[in-house]
Amino acid sequence: MQSAKSNENIEKLKSEIAYFMRRLYRQFLTTTSGGNISAITDEKTILITASATDKARIKASEIIAIDLNGNTFSQNKTLQVSIEKWMHIEIYKNRPDVKAIVHAHPLNASALSASSIKIRDNLIAETRAVLGKITYAEYNLMGSVELAKIVAKSALNSDCIVMQNHGIIALGKNLLQAFDRIEVLEAAAKMTILHEGVLKGSTLSLSDEQILELDRMMGRK
C-alpha cells in the first residue's frame, strides 16, 4: 500500500506532466493528438499521458499510472494509455538514471527524421552542451514492441534520439531537463536546415577539440 506521502508525490508529478505537455503544445513542438510524456517514481511507477486527449488542455487526471510490465492502474476506465508505453518502459528499464521522457513531433526535427541529413550538434556550443551526442533509431511501426527495443538501444548512448520517419525523444533526470532537450534539439534542427540551405558553404563548425572540451565540461568524458 502506498503511503500518503507517496500518493501526494504522485499527484504532484501528474500535475507537472500535464503542465509540460500543455507547454509542449503551446511551443508548437507537437500536435493536439501527438507526443507523450512520462516520469518514473522512486517506487518504479510510471506516470504517462493518456492517448486521445487534447494536449492543449490535458489535466493531471488524464495521466495514467502503469508499472514496468505495462499493467495499468488508472481508476478512470475511459482513459487509454499511450500506444508508446513500451518505448517508455524499455528506456526506464535500460537507463535507471533517466527519470523523465518527452516524445514529440516538432516540425523541423521531424522533417529531418525523414531525410538523410543529420541534425548538427557542432554549430553552437549550447547544442552540444545540453544535448550531448544525438543518436538515430531506424524506423519501425509506432507503438510496436520492436520500435521500443530499437529506441531503448539507441538511448544507451544518448539522451536525444531521432526516430526515423517519426519524431524525436529526449530523456532527462527530471521533466524540465527532458523538455529543455526537446526545445534545444528542435532549435538545432532549424539551424541545420538553415545551414543546409541559405547558409550552405559559409558554416563555421565547432572543432573536434572544442566539442571534446564541451563534453568534458558537462561530465560526459
# chains A, B, ... in the order shown; residues from 1 in each chain; ligands from 1
call {"tool": "closest_atom_pairs", "arguments": {"of": "stretch 63-161 of chain A", "to": "stretch 13-35 of chain A", "cutoff": "7 Å", "atoms": "only C-alpha atoms", "output": "Markdown table"}}
result
| residue | atom | partner | partner_atom | distance |
| --- | --- | --- | --- | --- |
| A:Ile63 | CA | A:Lys14 | CA | 6.0 |
| A:His103 | CA | A:Gly35 | CA | 5.2 |
| A:Ala104 | CA | A:Gly35 | CA | 4.2 |
| A:His105 | CA | A:Thr30 | CA | 5.0 |
| A:Pro106 | CA | A:Leu29 | CA | 4.3 |
call {"tool": "write_last_selection", "arguments": {"atoms": "N, CA, C and O atoms", "output": "mmCIF file, in the first residue's frame"}}
result
data_model
loop_
_atom_site.group_PDB
_atom_site.id
_atom_site.type_symbol
_atom_site.label_atom_id
_atom_site.label_comp_id
_atom_site.auth_asym_id
_atom_site.auth_seq_id
_atom_site.Cartn_x
_atom_site.Cartn_y
_atom_site.Cartn_z
ATOM 1 N N ILE A 63 -3.477 11.640 -16.662
ATOM 2 C CA ILE A 63 -2.185 10.967 -16.611
ATOM 3 C C ILE A 63 -2.400 9.596 -15.987
ATOM 4 O O ILE A 63 -3.030 9.470 -14.933
ATOM 5 N N HIS A 103 8.464 12.733 -25.664
ATOM 6 C CA HIS A 103 8.450 12.340 -27.079
ATOM 7 C C HIS A 103 7.521 13.288 -27.823
ATOM 8 O O HIS A 103 6.391 13.534 -27.391
ATOM 9 N N ALA A 104 8.004 13.847 -28.930
ATOM 10 C CA ALA A 104 7.200 14.822 -29.664
ATOM 11 C C ALA A 104 7.532 14.787 -31.151
ATOM 12 O O ALA A 104 8.434 14.071 -31.590
ATOM 13 N N HIS A 105 6.768 15.581 -31.914
ATOM 14 C CA HIS A 105 6.937 15.631 -33.367
ATOM 15 C C HIS A 105 7.100 17.081 -33.846
ATOM 16 O O HIS A 105 6.310 17.547 -34.669
ATOM 17 N N PRO A 106 8.110 17.801 -33.353
ATOM 18 C CA PRO A 106 8.304 19.174 -33.820
ATOM 19 C C PRO A 106 8.625 19.193 -35.309
ATOM 20 O O PRO A 106 9.275 18.278 -35.834
#
call {"tool": "select_by_dssp", "arguments": {"residues": "stretch 37-204 of chain A", "states": "alpha helix (DSSP H)", "output": "ChimeraX atom specification"}}
result
/A:85-94,107-113,125-131,145-154,175-196
call {"tool": "closest_residue", "arguments": {"among": "A:Met217, A:Met191, A:Val81, A:Ile89", "to": "A:Leu147", "atoms": "only C-alpha atoms"}}
result
A:Ile89
call {"tool": "select_by_dssp", "arguments": {"residues": "stretch 38-131 of chain A", "states": "strand (DSSP E or B)", "output": "PyMOL selection string"}}
result
chain A and resi 38-40+46-51+63-66+72+80-81+100-104
call {"tool": "closest_residue", "arguments": {"among": "A:Ala100, A:Ala178, A:Ala60, A:Ala188", "to": "A:Lys44", "atoms": "only C-alpha atoms"}}
result
A:Ala100
call {"tool": "residues_around", "arguments": {"residues": "A:Ile119", "least_positions_apart": "2", "cutoff": "12 Å", "atoms": "only C-alpha atoms", "output": "number ranges by chain"}}
result
A: 108-117, 121-123, 127-128, 131, 133-136, 160-163, 168, 184-196
call {"tool": "closest_residue", "arguments": {"among": "A:Ile124, A:Leu156, A:Leu204, A:Ile40", "to": "A:Arg95", "atoms": "only C-alpha atoms"}}
result
A:Leu156
call {"tool": "residues_around", "arguments": {"residues": "A:Glu62", "least_positions_apart": "3", "cutoff": "8 Å", "atoms": "only C-alpha atoms", "output": "list in words"}}
result
Ala18, Thr49, Ala50, Thr53, Ile58, Lys59 and Leu79 of chain A
call {"tool": "write_last_selection", "arguments": {"atoms": "N, CA and C atoms", "output": "tab-separated table (two decimals), in the first residue's frame"}}
result
chain	number	residue	atom	x	y	z
A	18	ALA	N	1.27	17.00	-16.92
A	18	ALA	CA	0.22	17.69	-17.67
A	18	ALA	C	0.67	19.10	-18.04
A	49	THR	N	1.13	10.17	-20.11
A	49	THR	CA	-0.05	10.81	-20.70
A	49	THR	C	-0.94	9.78	-21.39
A	50	ALA	N	-2.23	9.99	-21.28
A	50	ALA	CA	-3.20	9.12	-21.95
A	50	ALA	C	-3.28	9.48	-23.43
A	53	THR	N	-6.26	12.43	-26.05
A	53	THR	CA	-6.59	13.58	-25.20
A	53	THR	C	-6.14	14.85	-25.91
A	58	ILE	N	-4.77	19.15	-21.51
A	58	ILE	CA	-4.65	17.94	-20.71
A	58	ILE	C	-4.50	18.27	-19.22
A	59	LYS	N	-5.14	17.46	-18.38
A	59	LYS	CA	-5.14	17.68	-16.94
A	59	LYS	C	-4.44	16.53	-16.22
A	79	LEU	N	-10.01	6.16	-19.92
A	79	LEU	CA	-8.71	6.59	-20.43
A	79	LEU	C	-7.95	5.42	-21.04
call {"tool": "residues_around", "arguments": {"residues": "A:Pro96", "least_positions_apart": "4", "cutoff": "12 Å", "atoms": "only C-alpha atoms", "output": "number ranges by chain"}}
result
A: 39-42, 44, 88-92, 100, 152, 155-156, 171-173
call {"tool": "atom_distance", "arguments": {"atom1": "atom CA of A:Asn94", "atom2": "atom CA of A:Lys149"}}
result
9.8 Å
call {"tool": "decode", "arguments": {"residues": "stretch 76-127 of chain A", "atoms": "C-alpha atoms", "output": "short mmCIF file (atom, residue, chain, number, x, y, z; two decimals), in the first residue's frame"}}
result
data_model
loop_
_atom_site.label_atom_id
_atom_site.label_comp_id
_atom_site.auth_asym_id
_atom_site.auth_seq_id
_atom_site.Cartn_x
_atom_site.Cartn_y
_atom_site.Cartn_z
CA ASN A 76 -10.72 6.13 -14.92
CA LYS A 77 -11.58 3.25 -17.23
CA THR A 78 -12.38 5.61 -20.11
CA LEU A 79 -8.71 6.59 -20.43
CA GLN A 80 -6.40 4.68 -22.75
CA VAL A 81 -2.68 4.58 -22.11
CA SER A 82 -0.37 5.92 -24.83
CA ILE A 83 0.47 3.37 -27.51
CA GLU A 84 4.12 4.30 -26.95
CA LYS A 85 4.11 2.97 -23.37
CA TRP A 86 6.51 0.15 -24.28
CA MET A 87 9.06 2.64 -25.57
CA HIS A 88 9.00 4.48 -22.24
CA ILE A 89 9.13 1.22 -20.29
CA GLU A 90 12.12 -0.13 -22.23
CA ILE A 91 14.06 3.11 -21.75
CA TYR A 92 13.42 3.16 -18.00
CA LYS A 93 14.49 -0.49 -17.76
CA ASN A 94 17.74 0.17 -19.61
CA ARG A 95 18.53 3.63 -18.20
CA PRO A 96 17.94 3.71 -14.41
CA ASP A 97 19.39 7.24 -14.34
CA VAL A 98 16.52 8.53 -16.51
CA LYS A 99 13.53 9.86 -14.56
CA ALA A 100 11.55 11.63 -17.33
CA ILE A 101 10.90 11.18 -21.06
CA VAL A 102 9.43 13.58 -23.62
CA HIS A 103 8.45 12.34 -27.08
CA ALA A 104 7.20 14.82 -29.66
CA HIS A 105 6.94 15.63 -33.37
CA PRO A 106 8.30 19.17 -33.82
CA LEU A 107 8.20 20.29 -37.43
CA ASN A 108 11.88 20.79 -38.25
CA ALA A 109 13.31 17.82 -36.38
CA SER A 110 10.57 15.58 -37.74
CA ALA A 111 11.28 16.79 -41.27
CA LEU A 112 14.93 15.85 -40.84
CA SER A 113 13.90 12.46 -39.41
CA ALA A 114 12.52 11.75 -42.88
CA SER A 115 15.77 12.69 -44.63
CA SER A 116 19.41 11.63 -44.83
CA ILE A 117 20.53 14.91 -43.21
CA LYS A 118 21.68 14.61 -39.61
CA ILE A 119 20.87 17.30 -37.05
CA ARG A 120 24.06 19.27 -36.46
CA ASP A 121 25.40 19.38 -32.90
CA ASN A 122 28.51 21.35 -33.80
CA LEU A 123 27.07 24.73 -34.79
CA ILE A 124 26.72 26.39 -31.40
CA ALA A 125 28.13 25.39 -28.01
CA GLU A 126 24.73 25.23 -26.26
CA THR A 127 23.54 22.45 -28.56
#
